[in-house]
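Asks: Would you mind keeping the following structure in view while I ask a few things?
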Amino acid sequence: MDFEWDDEQSAFRETIRDFITRNVPADWEEIAGHGPGSEELTHKSRLFCAALAEQDLLFPHWPVELGGKGADPWHQQILAEEMWGAGEPRGAQYMNVNWIGPTLVRYGSEAQKERYLPPIVNGNAIWCQGFSEPGAGSDLASLRTSAVLEDGTYRINGQKIWTSYAGLADTCFLLVRTGPDRKSGISILLVPMDTPGITVREIPSIIGEGDIHEMFFDDVVVPAGARLGEEGQAWEIIDYSLRNERLGIPRYHLARKTLDRAVATLGKHGAFGEEAVQIEAARAASLCEAARSAIYAIISRRAHGEAVGPEAAAARFATVMAERAVAEFIVEHLPGSLGSAEPYLKMHHQRGIVAGIASGAAEIQLNLVASSVLNLPREPR
Amino acid sequence: MDFELTPDHVTLLDALEGLVKPFTTAPIGEVPFALGNEELEAALVEGGFLEIAREPEFGLVGAMLVVERVAQLPFAVEAANSAFVGPLLGEGVARPVCVAEADRLWQPIRFLRDGATLVILDNQGGASTLTPATGTVSADPESLFAYPMGLVSADEAARALPAPHLDGRDLRMRANLALASEATGLLRAALQSTIEHVSERKQFGRPLATFQALRHRLAEIHVRTDSLYWMTLRAAGLGDPGEAALAALHAQESARIAVYDFHQMLGAMGMTLEHPLHFWTYRLKALTGEYGGRGRQAMTAARLLWPEACAV
Ligand SMILES: Cc1cc2nc3c(=O)[nH]c(=O)nc-3n(C[C@H](O)[C@H](O)[C@H](O)COP(=O)(O)OP(=O)(O)OC[C@H]3O[C@@H](n4cnc5c(N)ncnc54)[C@H](O)[C@@H]3O)c2cc1C
């Protein structure tokens with residue numbers, strides 16, 4: 001047991017911080033404020049990730065046989081904290097290094113690996129994740145976009161929605177229905193976004209430019225070789241690939257940094273002397289540190305070789321509480337920062353607002369805790 | 001960074017488990033609100049469990065583990081302040097150890113009685129101590145709080161001696177850790193008790209626990225309890241006053257939210273003295289008012305976290 005970072009971990013964090021400072025432009029916070037999928041951020045992310053790759057910092061947590069350094073889960077978390085805390089200069093490419101790359105390595109055909117891995121490891125590949133549909137959000141297994149196999153090709157028809165980064169993505173990691181069974185009727189296709197028949201429409205949002213989209217698939221034809229794994233294997237594959245994603249983005253870290261900045265701004269204006277303000281700030285800080293502690297406890301288990309279990313859902317909900325408290329504090333006490341006064345605080349607000357929705361709603365996390373951690377008798381179906 | 005308990009911690013918890021085993025259920029029948037247990041208390045003292053923080057390999061983390069486990073029992077024994085604050089007061093300090101803020105001495109104090117050790121925290125970072133003389137503390141047997149509560153006379157309180165050798169910052173940190181550790185154990189026990197009830201009790205032809213309105217609140221209380229456990233352990237391990245204040249704040253916030261729900265979900269059963277729930281909830285209620293309650297706790301934390309911004 002040790003609640004301090006060791007010298008090596010601290011040095012690693014310093015290296016990452018240093019790298020970020022040297023490799024983002026001076027007006028970075030302004031750029032990050034345009035949104036995680038904006039054209040400007042995406043463009044910069046290609047340069048940033050290529051530079052990260054050159055320094056061997058793009059995927060240090062990958063196993064050595066995949067070209068990584070086999071760094072432990074703490075290093076992955078430190079990397080994620082520093083990146084997210086800086087407005088995620090990796091843009092969409094954080095997904096590549098966290099799960100798309102490792103999934104391709106494990107399940108991809110030789111041809112798929114040859115085609116898709118080099119741009120990922122070179123830091124120059126934008127992917128989007130085509131899971132959600134208008135009729136399939138929390139109930140993802142009800143998805144209907146269909147792919148019919150005929151003469152060695154799949155013909156895809158249907159619609160996806162809320163797809164991040166779709167406007168600028170090179171490739172889509174697409175879930176399609178190839179059979180009637182709820183879960184084992186779903187397959188994965190790796191679809192180049194310039195394939196004829198795909199229409200992408202941006203959905204203007206609070207989060208910023210270029211973040212969420214609708215995607216329409218009208219008789220889109222891809223070769224059968226575009227399928228990842230077997231037909232019907234999608235659920236098993238995403239269960240494996242997203243296993244270590246269950247803790248989610250280290251939102252508590254940006255939330256706490258944002259809170260500290262907000263307090264400093266209030267202090268500068270002599271506006272933090274009031275007890276009512278101090279109380280709310282401390283409440284938000286306590287929720288940030290509670291979430292951090294719950295998440296570190298799970299990472300610690302991972303570092304000892306244990307798989308991430310349903311406790312991750314509890315940690316995710318703790319993170320949602322932290323995000324909410326920080327956002328509410330800022331709305332109430334620094335309303336100007338939702339305008340142009342402080343881009344960093346605004347960026348936090350725009351990204352934090354989705355904490356309880358994207359990649360599994362807060363209530364879904366609570367359902368998981370109730371059923372799989374507290375083992376309450378199941379709800380009737 | 002490593003949150004895993006060491007083999008020493010596991011051995012400690014195993015030994016403690018053996019000790020508390022005979023004390024895990026409350027006696028049936030009419031029992032006082034403040035249900036103590038001298039046998040349990042003696043066993044904890046004899047086994048050295050309340051001195052665990054003095055052992056370098058255990059320190060405050062050891063105290064956290066002991067206090068959290070003991071708090072899950074239906075019996076109220078003063079373990080928290082003895083384990084956390086006791087080591088600062090020298091060998092052979094008279095128990096129970098009680099801690100209160102100087103401006104709150106006119107309120108009853110948990111476990112206070114004649115001959116106890118009372119540590120008084122002032123708001124300048126200093127402290128004084130008092131061992132109330134015979135006849136100067138009045139017990140309040142009518143109290144609903146499931147702790148023995150004692151009120152010290154104003155004259156006696158005025159006799160407290162300044163204790164310049166005690167570091168007020170360290171004292172407050174330990175008192176906060178004691179509070180957070182105890183609250184964690186109480187929350188865990190009350191949650192478990194509530195889960196058992198709603199999983200068995202059927203209405204509308206199904207267990208109450210199958211209704212999402214209850215499931216989500218129980219899950220949220222679990223999220224609070226589990227994060228509080230790790231946060232308190234981390235604050236204890238770091239020995240950081242700011243983190244300890246945040247843990248105490250999270251404890252008081254969570255206790256306030258949870259106790260209402262616990263009683264709600266037990267319906268009328270939770271009102272009875274036959275069911276043990278009140279032992280934990282009315283201790284949690286007492287803790288929500290400790291050291292001035294959430295508001296003051298939050299201000300303490302804010303001043304530790306952001307001294308510069310607070311100064312203006
Ligand atoms: C910024 C952002 C980016 C996203 N990026 C992507 C992406 O790249 N790719 C992709 O595929 N998807 C993406 N999503 C979609 C995301 O996965 C879904 O929003 C999410 O799964 C919830 O689905 P939904 O929005 O349809 O909400 P719904 O399923 O309609 O649910 C709405 C609300 O109802 C409640 N609810 C739902 N089910 C239950 C239940 N069982 N019990 C109790 N309450 C319930 C919850 O409060 C929930 O928030 C993104 C979403 C956001 C906000």
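Numbering starts fresh at 1 for the residues of each chain in the structure tokens, the chains themselves are lettered A, B, ... in the order given, and ligands are numbered from 1 as they appear.
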Neighbours of ligand 1 at 9 Å or closer, counting only C-alpha atoms and all ligand atoms: which residues, as a PyMOL selection string?
Replies: (chain A and resi 128-140+160-166+174-175+205+207+211-213+351+353-364+366-367) or (chain B and resi 212+216)
Asks: Within 6 Å of chain B, which residues of chain A show up when using only C-alpha atoms, listed as a list in words?
Replies: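 My answer is Met1, Asp2, Phe3, Glu4, Trp5, Ala264, Gly267, Gly270, Phe272, Gly273, Gln278, Ile279, Ala282, Ser286, Ala290, Ser293, Ala294, Ala297, Ser300, Ala314, Leu366, Val369, Ala370, Pro377, Arg378 and Glu379 of chain A.
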Asks: With a distance cut-off of 12 Å and only C-alpha atoms, select the neighbouring residues of Pro73 of chain A, excluding the residue or stretch itself and same-chain residues fewer than 6 positions from it, and output the selection as a list of chain:residue names.
Replies: A:Gln9, A:Phe59, A:Pro60, A:His61, A:Trp62, A:Pro63, A:Leu79, A:Ala80, A:Asn98, A:Asn244, A:Glu245, A:Leu247, A:Ile295, A:Tyr296, A:Ala297, A:Ile298, A:Ile299, A:Ser300, A:Arg301, A:Arg302, A:Ala303, A:His304, A:Gly305, A:Glu306, A:Ala307, A:Val308, B:Met1, B:Asp2
Asks: Using DSSP on the backbone, list every residue of segment 158-269 of chain A that comes out as strand (DSSP E or B), and give them as a ChimeraX atom specification.
Replies: /A:158-161,171-177,186-192,198-203,212-223,227-228
Asks: With distances taken over only C-alpha atoms, which of A:Phe173, A:Asn157, A:Gly70, A:Asp181 is nearest to Thr199 of chain A?
Replies: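 Smallest separation from Thr199 of chain A among the options: A:Asn157.
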Asks: Hey, which of A:Ala71, A:Ala111, A:Leu57, A:Val221 ends up closest to Arg90 of chain A? Count only C-alpha atoms.
Replies: A:Leu57
Asks: May I ask which of the residues B:Met149, B:Ala34, B:Val66, B:Leu40 is the closest one to Asp14 of chain B, counting only C-alpha atoms?
Replies: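 Closest to Asp14 of chain B, using only C-alpha atoms: B:Val66.
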Asks: Extract, using only C-alpha atoms, all DNA, RNA and protein residues at most 9 Å from Ala154 of chain B, discarding same-chain residues fewer than 2 positions from it, and format them as a list of chain:residue names.
Replies: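 My list of contacting residues is B:Leu105, B:Trp106, B:Thr136, B:Val152, B:Glu156, B:Ala157, B:Ala158, B:Arg159.
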